[in-house]
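K.L.:
Here's a structure for you.
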Amino acid sequence: MVKKKHMSNILIALLAILVLVFLYLPIVIVIVYAFNADTVNCFPMNGFSLKWFQVMAENKDLILALEHSLIIAVVSTLIACILGVPGAYAMYCYNFPGKELLNRIVMLPLILPGILTGIAMLTFFKALGVTQGMTAVILGHSTFLIATVLPQVYARLRRMDHNIIEAAQDLGATGFQTFVHIILPNVKTAIISSALLSFTLSMDEIPVTYFLNGVFSTLPIQIWGMTRNGITPEVNAISSIIFAVSLVAILISNMLNKED
Amino acid sequence: MKNIFFTPKICATHKLLCAKYSAGMENIMEKRGAIEIENLDKAFGENHVVNHISLSINAGEFISFLGPSGCGKTTILRMIAGFETIDGGDIKIDGESVIHLPPHKRQVNTVFQHYALFPHLNVYDNVAYGLKAKNVSKAKIKEEVTKALELVQLDGFEKRMISQMSGGQKQRVSIARAIVNKPPVLLLDEPLTALDMKLRKEMRYELRNIQQKLGITFIYVTHDQEEAMVMSDRIVVLNGGNIEQVGKPKEIYQSPRSAFVSDFIGETNSFDGMIYQVQGDLATLQCESGQFMAKTTLFKEKEFVNISIRPHQVKWKEEMQEGFHLKGVVKDYIFTGSFVNAVVELVNGREVRIARLAGEGLPKVGQTVFLYWNPEDTVVMKNPAGDFGNMMENMDLGEWVKK
């Protein structure tokens, strides 16, 4: 019996390792090739080099796209927080018909295929008279980023001791004071973690952006364009950097979520 | 004509009162926090939780709302604090109606059942919060917070986070956080329930001490009758949204006005019975378990009543006593420290509790005893069943006939 159990444990572990390798090996390869001295992705490599990072840094289009992406990610994350946090608080404070439905509908942009959201927004923005461009992309991103901010903050609010709100009012705090002094500090980590997640989501978003960007390019779209003529080590270099930044953001977000 | 005649006298009295008032101004300022509850009403849907209640609470009084869960005691407290809207009636604090004020504008502070401390602030900032919200100067805040923490014996704990405090300490922080604002009225919502027995007993005396030192009104909500008895000036016994009785702890214990009160306050043995014979102020009563005597002048023969007698007032002997016919068998003894609770089973299977000091000579388990008591120790109350004639019409007497 003991031996059998031991064997099955080993098999499960092996399977798990295989799955992980299947998932992460491609990323590892991209990172390794980023340091390749050669122009062609082949193994074994002909030596270690940082030159592709330099080539990347000199690619003006790529840097411009990175700038666009950063602006879009920062602004839409901010908008998502500014709308999502008070939204979550309102949902927490008030009971209104269709509250549960709203809680689910808010999640829709995350669940629906990006292409559908993209087409829908393109049509809608055209009807509104919003032209394709930076503003349209920021509006588009903000919309689906609320879906990451609002539910996370709402979940944290529900875990919070409701009595502290009454305690604050009891001590003479106005509604606004209560929100700033009591609510915000207690959901701070949820806000930061969802903001980090939003930021990374916005940084690598393609489908919605593709429908709304018009003439200018964001980082993922630029990279996508560059890979049409085969993957260059330059792309590997920028991918490695994006990977590192996303990893750090997600780790921080996870850590903050675990806290309390 | 008479009015004119009396006017000078009234004026004189009024002047005297005015003089007294201004002379004792400081004294009066100390004793703020009189509360007038008038015809207060509240329903949650079908559930009528507070049923047209009126009550006057004196300034500087320690008053307890006592009752089982769902009796409306917490709802009344929350209506005074402003967390619950009211359906009817009025609440006045020091003569001014507060029902239109939001919670943060009311001159009351609350000590919550589960502390409700701010987890992201340390002890000092928790206590300081009420003053900060009112934009009091930093120096003044420091002075007041230090005083409040001294009063609850937590000086030196300023920098601690709430998660590092024990249950008793948290409760002290929440008391300090409330009293630092110098409210005329402090509302306490079962503040000791989360503490262990020993701490709870210590905190009772401390709360009473704090109240005496501050001289403000304490409204204390509890379902623990012992707690209410020990601390309160007066107790309001609530049941099903109605006030059953208001009185000093001793009054409520010694002369409960309803079966509910006598049952809820302290342990009691209660019997449903019928008045068989009345001689002067002594009545002979009959019930399922037998016959006994009680002192009452309020009831006639053939009326149904409810009689209660405290466990420590029941006596026993090996032979029958005149006027009493309550035969039973000692079934069990329960030791509760300095007291022994004897359980005596009467002939019809009904159990009577008798409290004795531990160490007294006690009959053996299984021994037959005859119960009796001083008729003056009983409390006789109206039985909702009415009188014998009434009962004959409404009820099946099978149960009664059997015995």
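Letters A, B, ... mark the chains of the structure tokens in the order given; residue numbers begin at 1 per chain; ligand numbers begin at 1, in order shown.
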If we count only C-alpha atoms, what is near Val344 of chain B at a cut-off of 10 Å, once residues fewer than 4 positions away on the same chain are taken out, given as a PyMOL selection string?

P.N.:
chain B and resi 316+327-333+349-354+365-371

K.L.:
Store the residues picked out above in a file with C-alpha atoms, as a compact mmCIF listing (two decimals), in the first residue's frame.

P.N.:
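Result went into out-v3.txt, see below:
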# COMPACT_ATOMS: atom_id res chain seq x y z
CA TRP B 316 -38.11 21.31 52.86
CA LYS B 327 -44.57 15.93 48.03
CA GLY B 328 -41.39 15.21 46.10
CA VAL B 329 -38.25 13.14 45.83
CA VAL B 330 -34.72 14.57 45.84
CA LYS B 331 -33.46 13.73 42.38
CA ASP B 332 -30.10 15.40 42.03
CA TYR B 333 -27.67 17.96 43.39
CA GLY B 349 -42.95 14.75 37.49
CA ARG B 350 -42.50 18.51 37.72
CA GLU B 351 -39.06 19.61 38.90
CA VAL B 352 -38.50 22.29 41.53
CA ARG B 353 -35.12 23.88 42.10
CA ILE B 354 -33.94 24.65 45.61
CA VAL B 365 -30.76 11.63 46.83
CA GLY B 366 -33.92 9.52 46.59
CA GLN B 367 -35.33 10.70 49.92
CA THR B 368 -38.93 11.92 50.09
CA VAL B 369 -39.35 15.53 51.16
CA PHE B 370 -42.26 17.92 51.67
CA LEU B 371 -41.78 21.42 50.28

K.L.:
Taking only C-alpha atoms into account, produce a table as a tab-separated table in which each residue of chain B with an atom at most 9 Å from an atom of chain A appears once, together with its shortest atom pair and the distance in Å to one decimal, ordered by chain and rising number.

P.N.:
residue	atom	partner	partner_atom	distance
B:Ala81	CA	A:Asp170	CA	7.2
B:Gly82	CA	A:Asp170	CA	8.5
B:Phe83	CA	A:Glu166	CA	7.4
B:Pro102	CA	A:Gln169	CA	8.5
B:Pro103	CA	A:Asp170	CA	5.6
B:His104	CA	A:Gly172	CA	3.9
B:Lys105	CA	A:Gly172	CA	6.2
B:Arg106	CA	A:Asp170	CA	7.8
B:Gln107	CA	A:Gly172	CA	8.8
B:Val108	CA	A:Asp170	CA	7.4
B:Asn109	CA	A:Asp170	CA	5.8
B:Thr110	CA	A:Asp170	CA	6.6
B:Val111	CA	A:Ala167	CA	8.4
B:Phe112	CA	A:Ala167	CA	7.8
B:His114	CA	A:Asn163	CA	8.3
B:Tyr115	CA	A:Asn163	CA	8.4
B:Ala116	CA	A:Ile164	CA	4.9
B:Leu117	CA	A:Ile164	CA	6.3
B:Phe118	CA	A:Ile164	CA	6.2
B:Pro119	CA	A:Asn186	CA	7.7
B:His120	CA	A:Asn186	CA	6.6
B:Tyr129	CA	A:Leu171	CA	7.2
B:Gly130	CA	A:Leu171	CA	4.5
B:Leu131	CA	A:Leu171	CA	8.0
B:Lys132	CA	A:Ala173	CA	8.9
B:Ala133	CA	A:Ala173	CA	5.3
B:Lys134	CA	A:Gly172	CA	6.8
B:Arg177	CA	A:Leu171	CA	8.3
B:Ala178	CA	A:Leu171	CA	7.2
B:Asn181	CA	A:Leu171	CA	7.7

K.L.:
Keeping only N, CA and C atoms, write those residues as a compact mmCIF listing (two decimals), in the first residue's frame.

P.N.:
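Dumped everything to out34.txt:
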# COMPACT_ATOMS: atom_id res chain seq x y z
N ALA B 81 -28.66 56.00 18.54
CA ALA B 81 -27.39 56.36 17.90
C ALA B 81 -27.60 56.94 16.51
N GLY B 82 -28.74 56.61 15.89
CA GLY B 82 -29.03 57.14 14.56
C GLY B 82 -28.75 56.18 13.43
N PHE B 83 -28.44 54.93 13.75
CA PHE B 83 -28.13 53.95 12.70
C PHE B 83 -29.39 53.33 12.13
N PRO B 102 -28.29 62.96 11.45
CA PRO B 102 -27.54 61.76 11.07
C PRO B 102 -26.63 61.33 12.23
N PRO B 103 -26.15 60.08 12.24
CA PRO B 103 -25.36 59.58 13.38
C PRO B 103 -24.19 60.49 13.75
N HIS B 104 -23.48 61.05 12.74
CA HIS B 104 -22.28 61.79 13.08
C HIS B 104 -22.57 63.14 13.72
N LYS B 105 -23.85 63.54 13.73
CA LYS B 105 -24.17 64.81 14.37
C LYS B 105 -24.81 64.62 15.74
N ARG B 106 -25.01 63.39 16.15
CA ARG B 106 -25.65 63.16 17.45
C ARG B 106 -24.61 63.14 18.57
N GLN B 107 -25.03 63.69 19.71
CA GLN B 107 -24.12 63.79 20.85
C GLN B 107 -24.08 62.50 21.66
N VAL B 108 -23.98 61.38 20.96
CA VAL B 108 -23.86 60.12 21.68
C VAL B 108 -22.71 59.34 21.07
N ASN B 109 -22.11 58.46 21.84
CA ASN B 109 -21.09 57.57 21.29
C ASN B 109 -21.40 56.14 21.70
N THR B 110 -20.93 55.22 20.86
CA THR B 110 -21.30 53.83 21.05
C THR B 110 -20.06 52.97 21.31
N VAL B 111 -20.23 52.01 22.22
CA VAL B 111 -19.22 50.96 22.38
C VAL B 111 -19.84 49.71 21.76
N PHE B 112 -19.20 49.22 20.69
CA PHE B 112 -19.81 48.15 19.91
C PHE B 112 -19.51 46.77 20.50
N HIS B 114 -18.56 43.95 19.06
CA HIS B 114 -17.28 43.34 18.68
C HIS B 114 -16.23 44.43 18.45
N TYR B 115 -16.24 45.38 19.32
CA TYR B 115 -15.26 46.47 19.40
C TYR B 115 -15.32 47.44 18.21
N ALA B 116 -15.34 46.89 16.97
CA ALA B 116 -15.35 47.74 15.77
C ALA B 116 -14.23 48.76 15.79
N LEU B 117 -13.04 48.33 16.20
CA LEU B 117 -11.88 49.22 16.17
C LEU B 117 -11.35 49.29 14.75
N PHE B 118 -10.63 50.38 14.45
CA PHE B 118 -10.08 50.53 13.10
C PHE B 118 -8.78 49.73 13.00
N PRO B 119 -8.76 48.67 12.21
CA PRO B 119 -7.60 47.77 12.21
C PRO B 119 -6.34 48.42 11.63
N HIS B 120 -6.51 49.49 10.84
CA HIS B 120 -5.32 50.08 10.21
C HIS B 120 -4.68 51.16 11.07
N TYR B 129 -9.47 59.32 16.93
CA TYR B 129 -10.20 59.53 15.68
C TYR B 129 -11.38 60.49 15.80
N GLY B 130 -12.17 60.33 16.85
CA GLY B 130 -13.35 61.18 17.01
C GLY B 130 -12.99 62.65 17.08
N LEU B 131 -11.88 62.96 17.78
CA LEU B 131 -11.45 64.35 17.91
C LEU B 131 -10.87 64.86 16.59
N LYS B 132 -10.13 63.97 15.89
CA LYS B 132 -9.56 64.36 14.59
C LYS B 132 -10.67 64.69 13.61
N ALA B 133 -11.71 63.87 13.60
CA ALA B 133 -12.82 64.10 12.67
C ALA B 133 -13.48 65.45 12.94
N LYS B 134 -13.37 65.91 14.21
CA LYS B 134 -13.97 67.20 14.55
C LYS B 134 -12.95 68.33 14.49
N ARG B 177 -12.10 55.15 23.14
CA ARG B 177 -12.39 55.83 21.89
C ARG B 177 -13.73 56.55 21.95
N ALA B 178 -14.67 55.98 22.70
CA ALA B 178 -16.00 56.61 22.81
C ALA B 178 -15.98 57.76 23.82
N ASN B 181 -14.59 61.64 23.50
CA ASN B 181 -15.40 62.70 22.90
C ASN B 181 -16.29 63.40 23.91

K.L.:
Tell me which of B:Val347, B:Ile35, B:Ala358, B:Val380 sits closest to Met274 of chain B, counting only C-alpha atoms.

P.N.:
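Closest candidate: B:Val380.
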
K.L.:
May I ask which of the residues A:Gln132, A:Ser142, A:Asn9, A:Thr117 is the closest one to Ile79 of chain A, counting only C-alpha atoms?

P.N.:
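Looking only at the distances to Ile79 of chain A, the closest residue turns out to be A:Ser142.
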
K.L.:
Please provide the set of residues having any atom within 10 Å of Glu226 of chain B, restricted to only C-alpha atoms, with same-chain residues fewer than 6 positions apart removed, written as a PyMOL selection string.

P.N.:
chain B and resi 201+249+265-266

K.L.:
Report as a list in words: the residues of segment 158-198 of chain A with a DSSP assignment of alpha helix (DSSP H), based on the backbone of this structure.

P.N.:
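Written out, the alpha helix (DSSP H) residues of segment 158-198 of chain A are Arg158, Arg159, Asn163, Ile164, Ile165, Glu166, Ala167, Ala168, Gln169, Asp170, Gly175, Phe176, Gln177, Leu184, Pro185, Asn186, Val187, Lys188, Thr189, Ala190, Ile191, Ile192, Ser193, Ser194, Ala195, Leu196, Leu197 and Ser198 of chain A.
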
K.L.:
Hey, which of A:Asn103, A:Asn236, A:Thr218, A:Thr209 ends up closest to Val137 of chain A? Count only C-alpha atoms.

P.N.:
A:Thr209

K.L.:
If you count only C-alpha atoms, which residues fall within 9 Å of Tyr89 of chain A, apart from same-chain ones fewer than 2 positions away, as a PyMOL selection string?

P.N.:
chain A and resi 84-87+91-94+150+153-154+157+179+183

K.L.:
List as JSON, numbers by chain the protein and nucleic acid residues near Val49 of chain B, meaning an atom at most 9 Å away when only C-alpha atoms are counted, but skip any in the same chain fewer than 3 places from it.

P.N.:
{"B": [41, 42, 43, 44, 70, 71, 72, 73, 75, 240, 241, 242]}

K.L.:
Can you write out the residues you just picked, keeping N, CA and C atoms, as a PDB file, in the first residue's frame?

P.N.:
ATOM      1  N   ASP B  41     -41.499  53.657  17.825  1.00  0.00           N
ATOM      2  CA  ASP B  41     -42.066  52.539  17.088  1.00  0.00           C
ATOM      3  C   ASP B  41     -41.161  52.140  15.935  1.00  0.00           C
ATOM      4  N   LYS B  42     -41.008  50.831  15.736  1.00  0.00           N
ATOM      5  CA  LYS B  42     -40.179  50.366  14.616  1.00  0.00           C
ATOM      6  C   LYS B  42     -40.606  48.971  14.175  1.00  0.00           C
ATOM      7  N   ALA B  43     -40.732  48.808  12.862  1.00  0.00           N
ATOM      8  CA  ALA B  43     -41.049  47.484  12.331  1.00  0.00           C
ATOM      9  C   ALA B  43     -40.104  47.176  11.186  1.00  0.00           C
ATOM     10  N   PHE B  44     -39.622  45.943  11.129  1.00  0.00           N
ATOM     11  CA  PHE B  44     -38.883  45.470   9.953  1.00  0.00           C
ATOM     12  C   PHE B  44     -39.839  44.583   9.183  1.00  0.00           C
ATOM     13  N   GLY B  70     -33.780  39.490  20.160  1.00  0.00           N
ATOM     14  CA  GLY B  70     -34.994  39.747  19.398  1.00  0.00           C
ATOM     15  C   GLY B  70     -36.043  40.519  20.173  1.00  0.00           C
ATOM     16  N   CYS B  71     -35.684  41.022  21.358  1.00  0.00           N
ATOM     17  CA  CYS B  71     -36.679  41.751  22.152  1.00  0.00           C
ATOM     18  C   CYS B  71     -36.713  43.221  21.759  1.00  0.00           C
ATOM     19  N   GLY B  72     -35.782  43.656  20.889  1.00  0.00           N
ATOM     20  CA  GLY B  72     -35.787  45.039  20.420  1.00  0.00           C
ATOM     21  C   GLY B  72     -34.799  45.936  21.135  1.00  0.00           C
ATOM     22  N   LYS B  73     -34.027  45.387  22.078  1.00  0.00           N
ATOM     23  CA  LYS B  73     -33.137  46.248  22.873  1.00  0.00           C
ATOM     24  C   LYS B  73     -32.051  46.893  22.021  1.00  0.00           C
ATOM     25  N   THR B  75     -32.162  47.364  18.789  1.00  0.00           N
ATOM     26  CA  THR B  75     -32.798  48.276  17.834  1.00  0.00           C
ATOM     27  C   THR B  75     -33.029  49.645  18.459  1.00  0.00           C
ATOM     28  N   GLY B 240     -40.308  41.094  23.296  1.00  0.00           N
ATOM     29  CA  GLY B 240     -41.111  41.217  22.085  1.00  0.00           C
ATOM     30  C   GLY B 240     -41.450  42.644  21.719  1.00  0.00           C
ATOM     31  N   GLY B 241     -40.514  43.574  21.935  1.00  0.00           N
ATOM     32  CA  GLY B 241     -40.732  44.960  21.544  1.00  0.00           C
ATOM     33  C   GLY B 241     -41.537  45.770  22.543  1.00  0.00           C
ATOM     34  N   ASN B 242     -41.854  45.173  23.691  1.00  0.00           N
ATOM     35  CA  ASN B 242     -42.594  45.894  24.723  1.00  0.00           C
ATOM     36  C   ASN B 242     -41.765  45.981  25.998  1.00  0.00           C
TER      37      ASN B 242
END

K.L.:
Would you mind writing down, as JSON, numbers by chain, each residue of segment 280-396 of chain B that DSSP on the backbone assigns to strand (DSSP E or B)?

P.N.:
{"B": [282, 283, 284, 285, 286, 287, 290, 291, 292, 293, 294, 295, 303, 304, 305, 306, 307, 308, 309, 315, 316, 317, 325, 327, 328, 329, 330, 331, 332, 333, 334, 335, 336, 339, 340, 341, 342, 343, 344, 345, 346, 351, 352, 353, 354, 355, 356, 357, 368, 369, 370, 371, 372, 379, 380, 381, 382, 383, 384, 385, 386, 387]}

K.L.:
Do you know which residues are at most 9 Å from Met79 of chain B counting only C-alpha atoms, after dropping those on the same chain fewer than 5 positions away, and could you put them as a PyMOL selection string?

P.N.:
chain B and resi 74+84-86+91+99

K.L.:
Give me the residues near Asp263 of chain B as a PyMOL selection string, where near means some atom within 12 Å (using only C-alpha atoms) and where sequence neighbours in that chain fewer than 3 positions away do not count.

P.N.:
chain B and resi 67-68+225+237+239+244+252-260+266-271+306-311+379+381

K.L.:
Hey, which of A:Phe22, A:Phe124, A:Phe144, A:Phe96 ends up closest to Leu108 of chain A? Count only C-alpha atoms.

P.N.:
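Looking only at the distances to Leu108 of chain A, the closest residue turns out to be A:Phe144.
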